Amino acid sequence: MSSEVKKTNSKSTKPLAVDTEAALRKSEKKYRDLVETSNDLIWSVDSEGRWTFLNQKATRQIYGYEPEEMLGRPFKDFTASDKIDFDLQAFANVKAGRPVFLHETTHIRKDGLPVHLSFNAIVRTDGEGNVLGATGTATDITEQKKMLEQSRDRARQVIYYQTAFLGLMKGGFKDWKSSIQRLAELDAQRLQVERVGIWFFDSTRTQLICENLYHLHSNTHESGIALDAKQYPHYFAALEESRTIAADNAFEDPRTGEFASNYLKENNICSMLDVPIWMQGEVVGVVCHENVGETRKWTAEEQEFVVSIADMVSLAREAVRRRKAEAALKQRKEQLEQSNRDLEQFAYIASHDLQEPLYLIAAFSDRLFQHSQNMLDNKGKDYLMRIMRSAHRMRALIDSLLNLSRVSGSKIHLRPVSLDELIHDLLTDLALRVKELKAEIHIDPLGMVLGSRWHLRELFLNLISNALKFRKPGVPPRVHVWAHSLNNQLEIVVEDNGIGFETQYTEQIFKPFGRLQGQGDYEGTGMGLAICEKIVKRHGGEIEASSELGRGSTFKVRLTHANV
């Protein structure tokens, strides 16, 4: 039985050895296939830095050599001259037992071009710790480096352009001519293009007029060139439809080829980069970049830059227009203010000068009536009474005009004013009138406002007097004055139970002489509320009225609250 077992074991030994060798060969082939087909360089060097292994596919792709052309040669023979010391130091670190990961370096291909590699490396030793060399991988990162550098270039260019724009914006747009000259110069210098022109349509949109053409090398400006829009239909259609017209070859580009026989040829222009100027939804002009002498490919960054230039031109034009409009408005405002001052002064002087002859008319009419009334018939007496009434009314009107002139012309010094004290003093002056009319006046606590005491007294005297004047026949007048805070303002409300007025006349009552009743119905000149509105506006406040015929009136005055 034991012999059978021994026999069986002897038979199974040979097949096991064969299977192991086959598996090893299969594994080795798989490993070699992986190594040889890898896009990453798999390499090894001896202790002197000479190549001892290089996988075939990656060596061809990265270096342009066959592995056999490199094996046995030092790796530094393939290192860029300015990177040799860097590579040798890295190799020394590996030999010292310090693995190197992602060591970026530059090597030289067979065709002389640089190739950027990212290395991983570890040291190889024998059983006794002696350094045999190094092994590792390397990845071609040339494209990544190129893309990164391009990204950095674009970032630098953007910063460069932004810096230029910031410098331009700091200078502002004081006048049109200097603004477009600065824009054209900046544009040409940043793009290094010989000719930059800023053109605008005329009023009929049939011609494009050059307002500024800058020549880079001569540092000169010109203007006045005109192009007939009808002769270049494709170009002007493209302006309406395109964000930019980037014609690398201006002669062959269908959008700019219309200029070939005259404009381009005469000025030796080979490439054009034009961008329309938009204002209020309409193309009003174009910024032209004309490269002289040879064709030029316009980059995306350059096209973005010139779009910004066109926007700046539009902003400059709008800023100059707005500044002119503001200057004209300011001048007009100053003229109106001067005119108002002159009118106010005239009204004051005229009213003042009319006082004396009017006083004489009234005085002598009264004396004539006292002296001669027995000699006059009823018609004569009536005529004389009319003269006297008109003189008295004229005197009241002049007094109102003088009052309005004083309100309009006098300076207002804003100080905290107690409305409670002011109206208490005012009612003392009105006490006799209130008693005669059996009026009821209720004043709630009001508070403090910023204002001129004299002006505010005139304001509330007119409002309360009006409430007493425009009363219902046979009904004692009632007036209620109260206030409440409204943000940083105090709203004072004056309510009465008088005759009221229709809403449609709300604006009319604040106009000078804006009477709603006949002269014989109620005394007064119709100036009271006009004076009130003038006072409130000069305090920076607001006044409004609401009413219903036969149901009284409400006046609301908003003035700045005094925080004391």
# chains A, B, ... in the order shown; residues from 1 in each chain; ligands from 1
$ select_by_dssp --residues "region 237-404 of chain A" --states "strand (DSSP E)" --output "ChimeraX atom specification"
/A:245-247,269-279,282-292
$ write_last_selection --atoms "C-alpha atoms" --output "PDB file, in the first residue's frame"
ATOM      1  CA  ILE A 245     -15.920  91.220 -37.024  1.00  0.00           C
ATOM      2  CA  ALA A 246     -12.595  89.374 -36.704  1.00  0.00           C
ATOM      3  CA  ALA A 247     -11.208  89.296 -40.255  1.00  0.00           C
ATOM      4  CA  ILE A 269      -4.264  96.950 -44.189  1.00  0.00           C
ATOM      5  CA  CYS A 270      -4.239  93.129 -44.103  1.00  0.00           C
ATOM      6  CA  SER A 271      -6.332  92.250 -41.025  1.00  0.00           C
ATOM      7  CA  MET A 272      -9.305  93.958 -39.361  1.00  0.00           C
ATOM      8  CA  LEU A 273     -10.948  93.528 -35.960  1.00  0.00           C
ATOM      9  CA  ASP A 274     -14.069  95.686 -35.726  1.00  0.00           C
ATOM     10  CA  VAL A 275     -16.670  95.859 -32.981  1.00  0.00           C
ATOM     11  CA  PRO A 276     -19.980  97.776 -33.139  1.00  0.00           C
ATOM     12  CA  ILE A 277     -20.799 100.534 -30.641  1.00  0.00           C
ATOM     13  CA  TRP A 278     -24.293 100.098 -29.225  1.00  0.00           C
ATOM     14  CA  MET A 279     -26.369 102.784 -27.545  1.00  0.00           C
ATOM     15  CA  GLU A 282     -28.994 100.680 -31.780  1.00  0.00           C
ATOM     16  CA  VAL A 283     -25.604 100.453 -33.513  1.00  0.00           C
ATOM     17  CA  VAL A 284     -24.335 104.024 -33.569  1.00  0.00           C
ATOM     18  CA  GLY A 285     -20.735 103.446 -34.597  1.00  0.00           C
ATOM     19  CA  VAL A 286     -17.774 101.081 -34.710  1.00  0.00           C
ATOM     20  CA  VAL A 287     -14.285 100.722 -33.227  1.00  0.00           C
ATOM     21  CA  CYS A 288     -11.885  99.573 -35.988  1.00  0.00           C
ATOM     22  CA  HIS A 289      -8.531  97.821 -35.475  1.00  0.00           C
ATOM     23  CA  GLU A 290      -6.430  97.655 -38.631  1.00  0.00           C
ATOM     24  CA  ASN A 291      -3.251  95.582 -38.734  1.00  0.00           C
ATOM     25  CA  VAL A 292      -0.808  96.892 -41.336  1.00  0.00           C
TER      26      VAL A 292
END
$ residues_around --residues "Asp425 (chain A)" --least-positions-apart "5" --cutoff "12 Å" --atoms "only C-alpha atoms" --output "PyMOL selection string"
chain A and resi 418-420+430-431+453-454+457+460-461
$ residues_around --residues "Met385 (chain A)" --least-positions-apart "3" --cutoff "12 Å" --atoms "only C-alpha atoms" --output "list in words"
Ala362, Ser365, Asp366, Arg367, Leu368, Phe369, Gln370, Gln373, Leu376, Asn378, Lys379, Gly380, Lys381, Asp382, Met388, Arg389, Ser390, Ala391 and His392 of chain A
$ residues_around --residues "region 474-479 of chain A" --least-positions-apart "3" --cutoff "12 Å" --atoms "only C-alpha atoms" --output "count of residues only"
36
$ atom_distance --atom1 "CA of Arg182 (chain A)" --atom2 "CA of Trp298 (chain A)"
22.3 Å
$ atom_distance --atom1 "CA of His103 (chain A)" --atom2 "CA of Arg60 (chain A)"
21.2 Å
$ atom_distance --atom1 "CA of Asn39 (chain A)" --atom2 "CA of Gly112 (chain A)"
20.7 Å
$ closest_residue --among "A:Cys532, A:Val196, A:Val481, A:Leu414" --to "Thr560 (chain A)" --atoms "only C-alpha atoms"
A:Leu414
$ residues_around --residues "Leu490 (chain A)" --least-positions-apart "6" --cutoff "10 Å" --atoms "only C-alpha atoms" --output "list in words"
Leu446, Gly447, Met448, Val449, Leu450, Ala483, His484, Gly541, Val557, Arg558, Leu559, Thr560, His561 and Ala562 of chain A
$ write_last_selection --atoms "N, CA and C atoms" --output "mmCIF file, in the first residue's frame"
data_model
loop_
_atom_site.group_PDB
_atom_site.id
_atom_site.type_symbol
_atom_site.label_atom_id
_atom_site.label_comp_id
_atom_site.auth_asym_id
_atom_site.auth_seq_id
_atom_site.Cartn_x
_atom_site.Cartn_y
_atom_site.Cartn_z
ATOM 1 N N LEU A 446 -47.975 118.335 20.760
ATOM 2 C CA LEU A 446 -47.468 118.257 19.387
ATOM 3 C C LEU A 446 -46.002 117.837 19.311
ATOM 4 N N GLY A 447 -45.123 118.464 20.085
ATOM 5 C CA GLY A 447 -43.716 118.086 20.021
ATOM 6 C C GLY A 447 -42.844 119.149 19.386
ATOM 7 N N MET A 448 -41.646 118.716 18.989
ATOM 8 C CA MET A 448 -40.617 119.636 18.493
ATOM 9 C C MET A 448 -40.305 119.341 17.024
ATOM 10 N N VAL A 449 -40.061 120.425 16.273
ATOM 11 C CA VAL A 449 -39.616 120.286 14.878
ATOM 12 C C VAL A 449 -38.426 121.220 14.659
ATOM 13 N N LEU A 450 -37.709 120.948 13.564
ATOM 14 C CA LEU A 450 -36.641 121.854 13.160
ATOM 15 C C LEU A 450 -37.217 122.899 12.212
ATOM 16 N N ALA A 483 -50.780 115.555 16.300
ATOM 17 C CA ALA A 483 -49.558 115.174 15.566
ATOM 18 C C ALA A 483 -49.160 113.752 15.907
ATOM 19 N N HIS A 484 -48.394 113.153 15.002
ATOM 20 C CA HIS A 484 -47.808 111.825 15.261
ATOM 21 C C HIS A 484 -46.508 111.708 14.482
ATOM 22 N N GLY A 541 -40.264 120.217 3.810
ATOM 23 C CA GLY A 541 -41.380 119.356 4.197
ATOM 24 C C GLY A 541 -42.439 119.232 3.110
ATOM 25 N N VAL A 557 -49.317 118.525 7.555
ATOM 26 C CA VAL A 557 -48.014 119.157 7.344
ATOM 27 C C VAL A 557 -46.943 118.225 7.904
ATOM 28 N N ARG A 558 -45.953 117.886 7.062
ATOM 29 C CA ARG A 558 -44.856 117.023 7.522
ATOM 30 C C ARG A 558 -43.561 117.837 7.582
ATOM 31 N N LEU A 559 -42.969 117.882 8.780
ATOM 32 C CA LEU A 559 -41.736 118.624 9.028
ATOM 33 C C LEU A 559 -40.722 117.719 9.722
ATOM 34 N N THR A 560 -39.464 118.099 9.648
ATOM 35 C CA THR A 560 -38.414 117.275 10.250
ATOM 36 C C THR A 560 -38.513 117.310 11.772
ATOM 37 N N HIS A 561 -38.534 116.118 12.358
ATOM 38 C CA HIS A 561 -38.605 115.974 13.804
ATOM 39 C C HIS A 561 -37.301 116.470 14.426
ATOM 40 N N ALA A 562 -37.399 117.207 15.510
ATOM 41 C CA ALA A 562 -36.204 117.665 16.232
ATOM 42 C C ALA A 562 -35.884 116.659 17.328
#
$ residues_around --residues "Leu71 (chain A)" --least-positions-apart "3" --cutoff "8 Å" --atoms "only C-alpha atoms" --output "list in words"
Arg50, Trp51, Thr52, Phe53, Leu54, Pro67 and Glu68 of chain A
$ residues_around --residues "Met70 (chain A)" --least-positions-apart "2" --cutoff "12 Å" --atoms "only C-alpha atoms" --output "list of chain:residue names"
A:Trp43, A:Ser44, A:Val45, A:Gly49, A:Arg50, A:Trp51, A:Thr52, A:Phe53, A:Leu54, A:Asn55, A:Gln56, A:Thr59, A:Arg60, A:Tyr63, A:Gly64, A:Tyr65, A:Glu66, A:Pro67, A:Glu68, A:Gly72, A:Arg73, A:Pro74, A:Phe75, A:Lys76, A:Asp77, A:Phe78, A:Arg109, A:Lys110
$ write_last_selection --atoms "C-alpha atoms" --output "compact mmCIF listing (two decimals), in the first residue's frame"
# COMPACT_ATOMS: atom_id res chain seq x y z
CA TRP A 43 12.66 52.91 -16.48
CA SER A 44 15.64 51.91 -14.42
CA VAL A 45 19.21 53.18 -14.14
CA GLY A 49 22.72 56.90 -13.61
CA ARG A 50 22.98 54.98 -16.88
CA TRP A 51 19.76 53.71 -18.40
CA THR A 52 19.37 49.95 -17.93
CA PHE A 53 15.72 49.59 -18.91
CA LEU A 54 13.20 51.65 -20.89
CA ASN A 55 9.80 50.43 -22.08
CA GLN A 56 9.46 50.66 -25.82
CA THR A 59 10.28 55.76 -25.03
CA ARG A 60 9.30 56.28 -28.64
CA TYR A 63 11.85 60.82 -26.46
CA GLY A 64 11.49 59.88 -30.13
CA TYR A 65 14.28 57.27 -29.62
CA GLU A 66 14.27 53.52 -29.70
CA PRO A 67 15.18 52.15 -26.22
CA GLU A 68 18.40 50.62 -27.68
CA GLY A 72 23.83 52.44 -21.37
CA ARG A 73 23.88 56.24 -21.67
CA PRO A 74 23.58 58.53 -18.56
CA PHE A 75 20.16 60.06 -18.05
CA LYS A 76 21.81 63.50 -17.76
CA ASP A 77 22.67 63.27 -21.48
CA PHE A 78 18.95 63.74 -22.12
CA ARG A 109 13.77 64.70 -27.37
CA LYS A 110 15.66 63.31 -30.34
$ select_by_dssp --residues "region 38-75 of chain A" --states "alpha helix (DSSP H)" --output "list in words"
Gln56, Lys57, Ala58, Thr59, Arg60, Gln61, Ile62, Tyr63, Pro67, Glu68, Glu69 and Met70 of chain A
$ closest_residue --among "A:Asp187, A:Asp153, A:Glu548, A:Glu458" --to "Ala310 (chain A)" --atoms "only C-alpha atoms"
A:Asp187
$ closest_residue --among "A:His234, A:His455, A:Arg98, A:Arg124" --to "Glu533 (chain A)" --atoms "only C-alpha atoms"
A:His455
